[in-house]
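**Student:** File structure26.tsv follows (TSV, C-alpha atoms):
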chain	number	residue	atom	x	y	z
A	1	MET	CA	142.37	25.14	127.88
A	2	MET	CA	139.55	27.61	127.59
A	3	ALA	CA	136.63	27.54	130.02
A	4	CYS	CA	133.45	29.56	130.16
A	5	ARG	CA	131.40	31.18	132.86
A	6	GLY	CA	127.69	31.43	133.17
A	7	SER	CA	124.69	29.09	133.06
A	8	GLY	CA	125.78	27.48	136.32
A	9	CYS	CA	129.26	26.83	135.00
A	10	SER	CA	132.20	27.62	137.21
A	11	GLY	CA	135.67	27.99	135.86
A	12	PHE	CA	138.25	30.36	134.56
A	13	ALA	CA	137.36	33.34	132.48
A	14	PRO	CA	137.38	32.71	128.73
A	15	VAL	CA	140.66	33.34	126.99
A	16	SER	CA	140.43	35.27	123.76
A	17	GLN	CA	141.83	33.82	120.58
A	18	ASP	CA	144.42	36.58	120.28
A	19	THR	CA	145.72	35.94	123.80
A	20	ALA	CA	145.86	32.20	123.24
A	21	ARG	CA	147.64	32.69	119.92
A	22	PHE	CA	150.17	35.05	121.53
A	23	ALA	CA	150.89	32.62	124.36
A	24	MET	CA	151.29	29.69	121.98
A	25	LEU	CA	153.59	31.67	119.71
A	26	ALA	CA	155.76	32.72	122.67
A	27	LEU	CA	155.99	29.10	123.80
A	28	LEU	CA	156.89	27.88	120.30
A	29	ILE	CA	159.53	30.59	119.90
A	30	LEU	CA	161.09	29.60	123.24
A	31	LEU	CA	161.13	25.96	122.14
A	32	TYR	CA	162.60	27.02	118.78
A	33	LEU	CA	165.38	28.94	120.54
A	34	LEU	CA	166.24	25.97	122.76
A	35	CYS	CA	166.42	23.63	119.78
A	36	GLY	CA	168.55	26.10	117.80
A	37	ALA	CA	170.92	26.57	120.73
A	38	ALA	CA	171.33	22.82	121.09
A	39	VAL	CA	172.08	22.35	117.38
A	40	PHE	CA	174.58	25.23	117.13
A	41	SER	CA	176.29	24.20	120.36
A	42	ALA	CA	176.77	20.68	119.05
A	43	LEU	CA	178.08	21.94	115.70
A	44	GLU	CA	180.30	24.87	116.72
A	45	GLN	CA	181.62	24.10	120.22
A	46	PRO	CA	184.23	21.50	119.13
A	47	LYS	CA	185.58	23.97	116.54
A	48	GLU	CA	185.78	26.68	119.20
A	49	LYS	CA	187.73	24.46	121.58
A	50	GLN	CA	190.21	23.52	118.85
A	51	ALA	CA	190.73	27.17	117.85
A	52	LYS	CA	191.24	28.18	121.49
A	53	ALA	CA	193.81	25.43	122.04
A	54	ARG	CA	195.75	26.46	118.91
A	55	TRP	CA	195.70	30.11	119.96
A	56	MET	CA	197.03	29.37	123.44
A	57	GLN	CA	199.84	27.29	121.93
A	58	ARG	CA	200.80	30.06	119.51
A	59	PHE	CA	200.57	32.64	122.27
A	60	GLU	CA	203.02	30.72	124.45
A	61	ASN	CA	205.40	30.06	121.56
A	62	PHE	CA	205.43	33.72	120.52
A	63	SER	CA	206.02	35.01	124.06
A	64	GLN	CA	208.91	32.58	124.60
A	65	LYS	CA	210.46	33.23	121.19
A	66	HIS	CA	210.54	37.02	121.62
A	67	ASN	CA	211.11	36.94	125.38
A	68	LEU	CA	207.88	38.81	126.19
A	69	SER	CA	205.92	38.53	129.37
A	70	ARG	CA	202.35	37.36	129.18
A	71	SER	CA	201.00	40.64	130.58
A	72	ASP	CA	202.89	42.77	128.04
A	73	LEU	CA	201.67	40.69	125.13
A	74	GLU	CA	198.08	40.76	126.35
A	75	SER	CA	198.28	44.55	126.75
A	76	PHE	CA	199.54	44.88	123.17
A	77	LEU	CA	196.70	42.73	121.87
A	78	ARG	CA	194.15	44.87	123.73
A	79	HIS	CA	195.55	47.97	122.03
A	80	TYR	CA	195.13	46.25	118.68
A	81	GLU	CA	191.52	45.41	119.51
A	82	GLU	CA	190.85	49.09	120.20
A	83	ALA	CA	192.47	50.02	116.89
A	84	SER	CA	190.43	47.34	115.14
A	85	MET	CA	187.23	48.86	116.50
A	86	ALA	CA	188.26	52.16	114.90
A	87	GLY	CA	188.70	50.49	111.51
A	88	VAL	CA	192.42	49.60	111.56
A	89	ARG	CA	193.22	46.17	110.12
A	90	VAL	CA	196.40	44.21	109.48
A	91	ASP	CA	195.59	43.90	105.78
A	92	GLY	CA	195.47	47.02	103.68
A	93	LEU	CA	191.80	47.89	103.53
A	94	LYS	CA	190.21	51.00	102.15
A	95	ALA	CA	189.44	53.95	104.39
A	96	ARG	CA	186.32	53.57	106.49
A	97	TRP	CA	185.26	57.17	106.97
A	98	ASP	CA	185.85	58.82	103.63
A	99	PHE	CA	182.63	59.69	101.78
A	100	PRO	CA	182.22	56.31	99.96
A	101	GLY	CA	182.96	54.46	103.21
A	102	ALA	CA	180.54	56.63	105.17
A	103	LEU	CA	177.88	56.09	102.49
A	104	TYR	CA	178.34	52.32	102.81
A	105	PHE	CA	178.03	52.68	106.60
A	106	VAL	CA	174.76	54.65	106.54
A	107	GLY	CA	173.39	52.10	104.09
A	108	THR	CA	174.00	49.33	106.60
A	109	VAL	CA	172.40	51.49	109.31
A	110	VAL	CA	169.11	52.36	107.62
A	111	SER	CA	168.75	48.84	106.20
A	112	THR	CA	169.23	47.45	109.75
A	113	ILE	CA	172.01	45.16	108.48
A	114	GLY	CA	174.69	46.63	110.75
A	115	PHE	CA	177.72	44.57	109.78
A	116	GLY	CA	179.72	46.06	112.66
A	117	MET	CA	183.00	46.44	110.81
A	118	THR	CA	182.57	50.23	111.08
A	119	THR	CA	181.16	51.96	114.14
A	120	PRO	CA	181.24	55.60	115.28
A	121	ALA	CA	183.97	56.27	117.83
A	122	THR	CA	183.19	59.88	118.74
A	123	VAL	CA	180.45	61.03	121.11
A	124	GLY	CA	178.93	63.25	118.45
A	125	GLY	CA	178.83	60.38	115.98
A	126	LYS	CA	177.09	58.08	118.47
A	127	ILE	CA	174.47	60.71	119.35
A	128	PHE	CA	173.82	61.53	115.70
A	129	LEU	CA	173.49	57.82	114.91
A	130	ILE	CA	170.61	57.44	117.39
A	131	PHE	CA	168.43	60.06	115.69
A	132	TYR	CA	169.64	59.24	112.18
A	133	GLY	CA	168.88	55.53	112.59
A	134	LEU	CA	165.49	56.18	114.17
A	135	ILE	CA	164.16	57.97	111.11
A	136	GLY	CA	166.18	56.03	108.53
A	137	CYS	CA	165.20	52.57	109.78
A	138	ALA	CA	161.52	53.54	109.94
A	139	ALA	CA	161.62	54.89	106.38
A	140	THR	CA	163.37	51.77	105.11
A	141	ILE	CA	160.85	49.45	106.75
A	142	LEU	CA	158.07	51.48	105.11
A	143	PHE	CA	159.89	51.09	101.78
A	144	PHE	CA	160.02	47.31	102.26
A	145	ASN	CA	156.29	47.21	103.02
A	146	LEU	CA	155.46	49.29	99.95
A	147	PHE	CA	157.68	46.98	97.90
A	148	LEU	CA	155.53	44.03	99.01
A	149	GLU	CA	152.37	45.97	98.12
A	150	ARG	CA	153.73	46.67	94.64
A	151	ILE	CA	154.44	42.98	94.14
A	152	ILE	CA	150.90	42.10	95.18
A	153	THR	CA	149.47	44.74	92.83
A	154	VAL	CA	151.54	43.47	89.90
A	155	LEU	CA	150.48	39.88	90.58
A	156	ALA	CA	146.83	40.94	90.78
A	157	PHE	CA	147.13	42.76	87.46
A	158	VAL	CA	148.79	39.74	85.83
A	159	LEU	CA	146.12	37.35	87.13
A	160	LYS	CA	143.31	39.63	85.99
A	161	SER	CA	144.88	40.17	82.56
A	162	CYS	CA	145.41	36.44	82.00
A	163	HIS	CA	141.82	35.75	83.02
A	164	GLU	CA	140.44	38.39	80.65
A	165	VAL	CA	142.61	37.25	77.74
A	166	GLN	CA	141.48	33.67	78.26
A	167	HIS	CA	137.81	34.64	78.28
A	168	ARG	CA	138.17	36.94	75.29
A	169	ARG	CA	139.57	34.06	73.29
A	170	LYS	CA	136.43	32.14	74.17
A	171	GLY	CA	134.27	35.14	73.24
A	172	VAL	CA	132.89	35.60	76.76
A	173	LEU	CA	134.18	39.08	77.55
A	174	PRO	CA	133.72	41.98	75.08
A	175	HIS	CA	136.66	44.14	74.16
A	176	ASP	CA	136.84	47.48	75.99
A	177	GLY	CA	135.56	50.04	73.58
A	178	GLY	CA	134.03	53.45	73.80
A	179	GLN	CA	135.61	54.23	77.15
A	180	GLY	CA	137.91	57.10	77.84
A	181	PRO	CA	141.32	56.72	79.41
A	182	GLY	CA	140.11	58.16	82.70
A	183	ASP	CA	137.25	55.67	82.95
A	184	MET	CA	139.53	52.81	82.05
A	185	ARG	CA	142.06	53.81	84.67
A	186	HIS	CA	139.42	54.26	87.36
A	187	ARG	CA	137.75	50.97	86.50
A	188	GLY	CA	141.08	49.17	86.46
A	189	GLU	CA	142.04	50.38	89.92
A	190	ASP	CA	138.73	49.27	91.39
A	191	SER	CA	138.67	45.92	89.60
A	192	LEU	CA	142.03	44.78	91.00
A	193	ALA	CA	140.58	44.53	94.51
A	194	GLY	CA	139.06	41.12	93.78
A	195	TRP	CA	142.22	39.70	92.23
A	196	LYS	CA	144.58	39.68	95.21
A	197	PRO	CA	146.77	36.57	94.99
A	198	SER	CA	146.80	34.00	97.74
A	199	VAL	CA	149.42	33.92	100.48
A	200	TYR	CA	150.98	30.75	99.12
A	201	CYS	CA	151.28	32.14	95.60
A	202	VAL	CA	153.12	35.22	96.86
A	203	MET	CA	155.33	33.12	99.11
A	204	LEU	CA	156.31	30.87	96.21
A	205	ILE	CA	157.14	33.82	93.96
A	206	LEU	CA	159.20	35.52	96.67
A	207	CYS	CA	161.07	32.28	97.37
A	208	VAL	CA	161.96	31.88	93.71
A	209	ALA	CA	163.01	35.52	93.42
A	210	SER	CA	165.15	35.29	96.58
A	211	VAL	CA	166.89	32.13	95.35
A	212	ILE	CA	167.62	33.65	91.94
A	213	ILE	CA	169.00	36.89	93.43
A	214	SER	CA	171.09	34.98	95.99
A	215	CYS	CA	172.57	32.65	93.39
A	216	CYS	CA	173.48	35.52	91.04
A	217	ALA	CA	174.93	37.59	93.88
A	218	SER	CA	176.94	34.62	95.17
A	219	ALA	CA	178.49	34.14	91.76
A	220	MET	CA	179.54	37.81	91.76
A	221	TYR	CA	180.96	37.70	95.29
A	222	SER	CA	182.84	34.47	94.62
A	223	SER	CA	184.50	36.05	91.62
A	224	MET	CA	185.25	39.47	93.13
A	225	GLU	CA	185.97	38.63	96.78
A	226	GLY	CA	187.56	35.22	96.31
A	227	TRP	CA	185.07	33.51	98.64
A	228	ALA	CA	183.83	29.97	98.25
A	229	TYR	CA	180.39	29.77	96.66
A	230	LEU	CA	178.82	28.31	99.81
A	231	ASP	CA	180.35	31.11	101.88
A	232	SER	CA	178.93	33.61	99.40
A	233	LEU	CA	175.46	32.09	99.80
A	234	TYR	CA	175.87	32.35	103.56
A	235	PHE	CA	176.84	36.03	103.24
A	236	CYS	CA	173.85	36.70	101.00
A	237	PHE	CA	171.38	35.34	103.52
A	238	VAL	CA	173.03	37.14	106.45
A	239	ALA	CA	173.06	40.42	104.54
A	240	PHE	CA	169.66	40.14	102.82
A	241	SER	CA	167.90	39.14	106.04
A	242	THR	CA	169.57	42.16	107.76
A	243	ILE	CA	171.18	39.90	110.38
A	244	GLY	CA	174.62	41.28	109.51
A	245	PHE	CA	177.10	39.37	111.65
A	246	GLY	CA	180.04	41.22	110.14
A	247	ASP	CA	182.32	38.18	109.81
A	248	MET	CA	182.13	38.57	106.03
A	249	VAL	CA	181.66	42.01	104.46
A	250	SER	CA	181.71	42.84	100.78
A	251	SER	CA	183.51	45.70	99.02
A	252	GLN	CA	186.19	46.26	101.67
A	253	ARG	CA	189.39	46.05	99.62
A	254	THR	CA	191.23	49.08	98.39
A	255	SER	CA	190.70	48.20	94.72
A	256	TYR	CA	188.79	45.76	92.54
A	257	GLN	CA	188.63	44.99	88.89
A	258	SER	CA	185.70	46.97	87.44
A	259	GLN	CA	185.32	48.87	90.71
A	260	THR	CA	182.31	50.92	89.57
A	261	LEU	CA	180.38	47.98	88.15
A	262	TYR	CA	181.05	45.94	91.26
A	263	SER	CA	179.85	48.73	93.54
A	264	LEU	CA	176.64	49.13	91.55
A	265	GLY	CA	176.08	45.36	91.48
A	266	ASN	CA	176.70	45.12	95.22
A	267	PHE	CA	174.16	47.88	95.90
A	268	PHE	CA	171.57	46.37	93.55
A	269	PHE	CA	171.80	42.83	94.94
A	270	ILE	CA	171.71	43.93	98.58
A	271	LEU	CA	168.73	46.21	97.93
A	272	MET	CA	166.68	43.68	95.97
A	273	GLY	CA	167.70	40.80	98.21
A	274	ALA	CA	166.72	42.68	101.36
A	275	CYS	CA	163.36	43.65	99.82
A	276	CYS	CA	162.57	40.07	98.79
A	277	ILE	CA	163.69	38.45	102.05
A	278	TYR	CA	161.87	41.02	104.19
A	279	SER	CA	158.69	40.53	102.15
A	280	LEU	CA	159.13	36.78	102.42
A	281	PHE	CA	159.38	37.08	106.20
A	282	ASN	CA	156.08	38.99	106.25
A	283	VAL	CA	154.33	36.35	104.17
A	284	ILE	CA	155.75	33.47	106.23
A	285	SER	CA	154.51	35.20	109.38
A	286	ILE	CA	150.99	35.11	107.90
A	287	VAL	CA	151.32	31.38	107.27
A	288	ILE	CA	152.59	30.85	110.83
A	289	LYS	CA	149.57	32.76	112.11
A	290	GLN	CA	147.27	30.49	110.12
A	291	VAL	CA	148.97	27.42	111.57
A	292	LEU	CA	148.54	28.81	115.09
A	293	ASN	CA	144.83	29.36	114.46
A	294	TRP	CA	144.53	25.80	113.19
A	295	LEU	CA	146.29	24.47	116.30
A	296	LEU	CA	144.04	26.53	118.56
A	297	LYS	CA	141.01	25.10	116.78
A	298	LYS	CA	142.30	21.59	117.31
A	299	LEU	CA	143.18	22.19	120.97
A	300	GLU	CA	139.87	23.83	121.86
A	301	ILE	CA	138.13	21.94	124.67
A	302	PRO	CA	134.43	22.78	125.02
A	303	CYS	CA	132.81	23.06	128.45
A	304	ARG	CA	130.65	20.06	129.37
A	305	HIS	CA	128.14	22.15	131.34
A	306	CYS	CA	127.49	24.69	128.58
A	307	PRO	CA	125.77	24.19	125.23
A	308	ARG	CA	128.18	23.84	122.35
A	309	ARG	CA	128.42	27.06	120.36
A	310	SER	CA	129.75	27.16	116.86
A	311	MET	CA	132.84	29.32	116.66
A	312	ARG	CA	133.15	31.54	113.69
A	313	PRO	CA	136.64	31.33	112.22
A	314	GLY	CA	138.71	34.37	113.07
A	315	ARG	CA	141.09	36.32	110.93
A	316	ASN	CA	143.84	34.32	109.21
A	317	ALA	CA	142.29	31.05	110.30
A	318	VAL	CA	142.92	27.81	108.45
A	319	VAL	CA	139.27	26.91	108.19
A	320	PRO	CA	138.06	23.33	108.83
A	321	GLY	CA	136.26	21.37	106.17
A	322	HIS	CA	132.69	22.21	107.15
A	323	PHE	CA	133.44	25.94	106.80
A	324	ARG	CA	135.20	25.74	103.45
A	325	THR	CA	132.03	26.05	101.42
A	326	ARG	CA	131.73	29.65	102.57
A	327	VAL	CA	135.36	30.60	102.25
A	328	ARG	CA	136.55	32.09	99.02
A	329	ASN	CA	140.22	32.92	99.47
A	330	ILE	CA	142.92	33.80	101.95
A	331	SER	CA	143.86	37.27	100.84
A	332	ILE	CA	147.44	38.49	100.99
A	333	ASP	CA	146.16	42.07	101.19
A	334	THR	CA	144.63	41.80	104.66
A	335	ASP	CA	145.85	38.28	105.54
A	336	ALA	CA	142.23	37.50	106.43
A	337	VAL	CA	139.75	34.90	105.33
A	338	ASN	CA	137.46	36.57	102.77
A	339	GLU	CA	133.96	35.18	102.86
A	340	SER	CA	131.45	35.06	100.03
A	341	GLU	CA	129.46	38.05	98.98
A	342	THR	CA	126.31	36.61	100.59
A	343	ASP	CA	127.78	37.05	104.04
A	344	GLY	CA	129.14	40.58	104.29
A	345	ARG	CA	128.76	40.97	108.03
A	346	ARG	CA	131.73	42.17	110.01
A	347	MET	CA	133.15	40.27	112.93
A	348	SER	CA	132.25	41.58	116.36
A	349	GLY	CA	134.87	43.91	117.75
A	350	GLU	CA	136.22	44.93	114.33
A	351	MET	CA	136.25	48.67	113.72
A	352	ILE	CA	134.53	50.02	110.63
A	353	SER	CA	136.54	52.49	108.61
A	354	MET	CA	135.24	55.87	107.48
A	355	ARG	CA	135.43	54.69	103.88
A	356	ASP	CA	133.15	51.73	104.59
A	357	PHE	CA	130.84	53.94	106.66
A	358	LEU	CA	130.41	56.42	103.81
A	359	ALA	CA	129.97	53.64	101.26
A	360	ALA	CA	127.23	52.00	103.34
A	361	ASN	CA	125.34	55.29	103.73
A	362	LYS	CA	126.04	56.93	100.38
A	363	VAL	CA	122.36	56.93	99.39
A	364	ASN	CA	121.32	58.76	102.55
A	365	LEU	CA	124.17	61.20	102.14
A	366	ALA	CA	123.15	61.97	98.56
A	367	ILE	CA	119.55	62.62	99.61
A	368	MET	CA	120.72	64.82	102.45
A	369	GLN	CA	122.95	66.83	100.15
A	370	LYS	CA	120.13	67.34	97.66
A	371	GLN	CA	117.68	68.43	100.36
A	372	LEU	CA	120.16	70.90	101.86
A	373	SER	CA	120.84	72.34	98.41
A	374	GLU	CA	117.14	72.85	97.73
A	375	THR	CA	116.62	74.46	101.13
A	376	ALA	CA	119.56	76.81	100.64
A	377	ASN	CA	118.25	77.89	97.21
A	378	GLY	CA	114.86	78.73	98.67
A	379	HIS	CA	113.02	75.78	97.09
A	380	PRO	CA	112.17	73.48	99.95
A	381	ARG	CA	110.40	70.21	99.27
A	382	PRO	CA	106.60	70.14	99.82
A	383	SER	CA	105.69	69.34	103.38
A	384	GLY	CA	102.52	67.50	102.57
A	385	SER	CA	104.01	64.11	103.22
A	386	SER	CA	104.67	62.87	106.69
A	387	ASN	CA	108.12	63.01	108.11
A	388	ARG	CA	108.08	59.27	108.42
A	389	HIS	CA	108.01	59.08	104.64
A	390	ASN	CA	110.45	61.91	104.06
A	391	ASP	CA	113.51	61.20	102.00
A	392	PHE	CA	115.66	61.97	105.04
A	393	SER	CA	114.28	59.10	107.05
A	394	GLY	CA	116.49	56.09	107.37
A	395	GLY	CA	120.07	55.48	108.31
A	396	VAL	CA	121.67	53.84	111.27
A	397	GLY	CA	123.05	55.30	114.48
A	398	ALA	CA	124.17	58.92	114.44
A	399	LEU	CA	123.39	59.25	110.74
A	400	GLY	CA	119.83	58.06	111.35
A	401	ILE	CA	119.32	60.63	114.11
A	402	MET	CA	120.62	63.38	111.83
A	403	ASN	CA	118.32	62.26	109.02
A	404	ASN	CA	115.25	62.28	111.28
A	405	ARG	CA	116.15	65.71	112.65
A	406	LEU	CA	116.55	67.14	109.15
A	407	ALA	CA	113.27	65.56	108.17
A	408	GLU	CA	111.48	67.28	111.04
A	409	THR	CA	113.10	70.60	110.13
A	410	SER	CA	112.05	70.32	106.51
A	411	VAL	CA	108.44	69.55	107.53
A	412	ASP	CA	108.32	72.58	109.84
A	413	ARG	CA	109.49	74.81	107.01
What does the file become when written as structure tokens?
**Tutor:**
Amino acid sequence: MMACRGSGCSGFAPVSQDTARFAMLALLILLYLLCGAAVFSALEQPKEKQAKARWMQRFENFSQKHNLSRSDLESFLRHYEEASMAGVRVDGLKARWDFPGALYFVGTVVSTIGFGMTTPATVGGKIFLIFYGLIGCAATILFFNLFLERIITVLAFVLKSCHEVQHRRKGVLPHDGGQGPGDMRHRGEDSLAGWKPSVYCVMLILCVASVIISCCASAMYSSMEGWAYLDSLYFCFVAFSTIGFGDMVSSQRTSYQSQTLYSLGNFFFILMGACCIYSLFNVISIVIKQVLNWLLKKLEIPCRHCPRRSMRPGRNAVVPGHFRTRVRNISIDTDAVNESETDGRRMSGEMISMRDFLAANKVNLAIMQKQLSETANGHPRPSGSSNRHNDFSGGVGALGIMNNRLAETSVDR
């Protein structure tokens, strides 16, 4: 509940939309965790109890058969657990810390998958991992974000090209002629800004790409690792989403048929799958943010003592019906609601970038540059006109003060 203060109204201080959205998201995540815990407990706990009962029965049978005390057998099993942490397994697996094994390990580190089947055991290795993972994980996350940007750029180019081809067939748009390659390239980069695809279009494409990559990778893992197809799909999601439980790990045997091709295929599918799933997570988070804004709009309770004020939809809002006439698109580029060109005002509290500042004042800057050039060359402008009508006058804020000061200086000269 949000209350207001002022005009004789007493109540709590108003809660900002960002704070309310954060609190609601935290509450929904807590509820989501409780529901997930209940479901997994109901599904997995009976299996755990059965496995524990079988293990205790085998433990007792083995100790009686070989006349071993319980403490000796438990001590032996603890030694095996320590050896298992160092990479020793009962089955003959390939070496963990030769160069190919170490390369596989650092790949799981920087991708944040972290299967856990290989971990550093030395103090130097653990210290080096801290600094190595700090830089490597940050660089990989940046790579994932740039991958999503490339997808958005490609989709924008495809949408723009299809639109132009369709209009050229109707004879609406003229063919590009008489323009140099530099002009075409510059014009193409600027013209893609208005063709950003919607959030839902990108989400659909990423979903389809993730499903295709997962299905193809599962077929490869089923053939090479001997896993069931459903288990392979499970491994693909755990690996591609960088959860990395480590219960199933690919490419761990000493030898495979077509070892080189399988290694390249494993690297390709994990890389592309991780890029698609990570990008899909980013897009889904935008949709979740829109849903939260819609819920906040529905749950808003106006104060009875204060006049009703129309609330301008914030960023990423799912806009109600009476606002939709002004809304053009939900852009994937800034995950914000882009309004029509007739309303270019910025929201209060939003910082203006230097690029927008220069673009808004480019006329004043050009006049200033010309006047300074003339003054430096010894050809000042005539001072017959008043400084109020000087070309320097105008501008907003600090730029306006600078323009007026330069205007006064030019008149004095």
**Student:** For atom CA of Glu48 of chain A and atom CA of Glu82 of chain A, quote the distance in Å rounded to one decimal.
**Tutor:**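 For atom CA of Glu48 of chain A relative to atom CA of Glu82 of chain A, the distance reads 23.0 Å.
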**Student:** List the neighbours of Trp195 of chain A out to 9 Å using all atoms listed in the file; skip same-chain residues closer than 6 positions along the sequence, and give me the result as a list in words.
**Tutor:**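 That gives Thr153, Leu155, Ala156, Phe157, Leu159 and Lys160 of chain A.
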**Student:** Suppose we keep C-alpha atoms; can you now write the selection as a short mmCIF file (atom, residue, chain, number, x, y, z; two decimals), in the frame of the given file?
**Tutor:**
data_model
loop_
_atom_site.label_atom_id
_atom_site.label_comp_id
_atom_site.auth_asym_id
_atom_site.auth_seq_id
_atom_site.Cartn_x
_atom_site.Cartn_y
_atom_site.Cartn_z
CA THR A 153 149.47 44.74 92.83
CA LEU A 155 150.48 39.88 90.58
CA ALA A 156 146.83 40.94 90.78
CA PHE A 157 147.13 42.76 87.46
CA LEU A 159 146.12 37.35 87.13
CA LYS A 160 143.31 39.63 85.99
#
**Student:** Please report the interatomic distance between atom CA of Asp247 of chain A and atom CA of Phe76 of chain A in Å with one decimal.
**Tutor:**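 The value is 22.8 Å.
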**Student:** Record the distance separating atom CA of Asn266 of chain A and atom CA of Ala102 of chain A, expressed in Å with one decimal.
**Tutor:**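 Distance between the two atoms: 15.7 Å.
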**Student:** Would you please work out which residue, of A:Thr118, A:Ser241, A:Thr260, A:Ser279, is nearest to Leu148 of chain A when using all atoms listed in the file?
**Tutor:**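 Checking each of A:Thr118, A:Ser241, A:Thr260, A:Ser279 against Leu148 of chain A, counting all atoms listed in the file, the winner is A:Ser279.
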**Student:** Choose the residue, out of A:Phe131, A:Val202, A:Val109, A:Gln290, that has the smallest atom-to-atom separation from Val154 of chain A; count all atoms listed in the file.
**Tutor:** A:Val202
**Student:** List the neighbours of Val110 of chain A out to 12 Å using all atoms listed in the file; skip same-chain residues closer than 6 positions along the sequence, and give me the result as a ChimeraX atom specification.
**Tutor:** /A:103-104,129-144,242,271,274
**Student:** I'd like the neighbourhood of segment 21-35 of chain A as a VMD selection string, where a residue qualifies if any of its atoms comes within 12 Å (using only C-alpha atoms), though same-chain residues fewer than 4 positions away should be ignored.
**Tutor:** chain A and resid 1 15 to 17 39 to 42 285 288 to 297 299 to 300 314 to 317
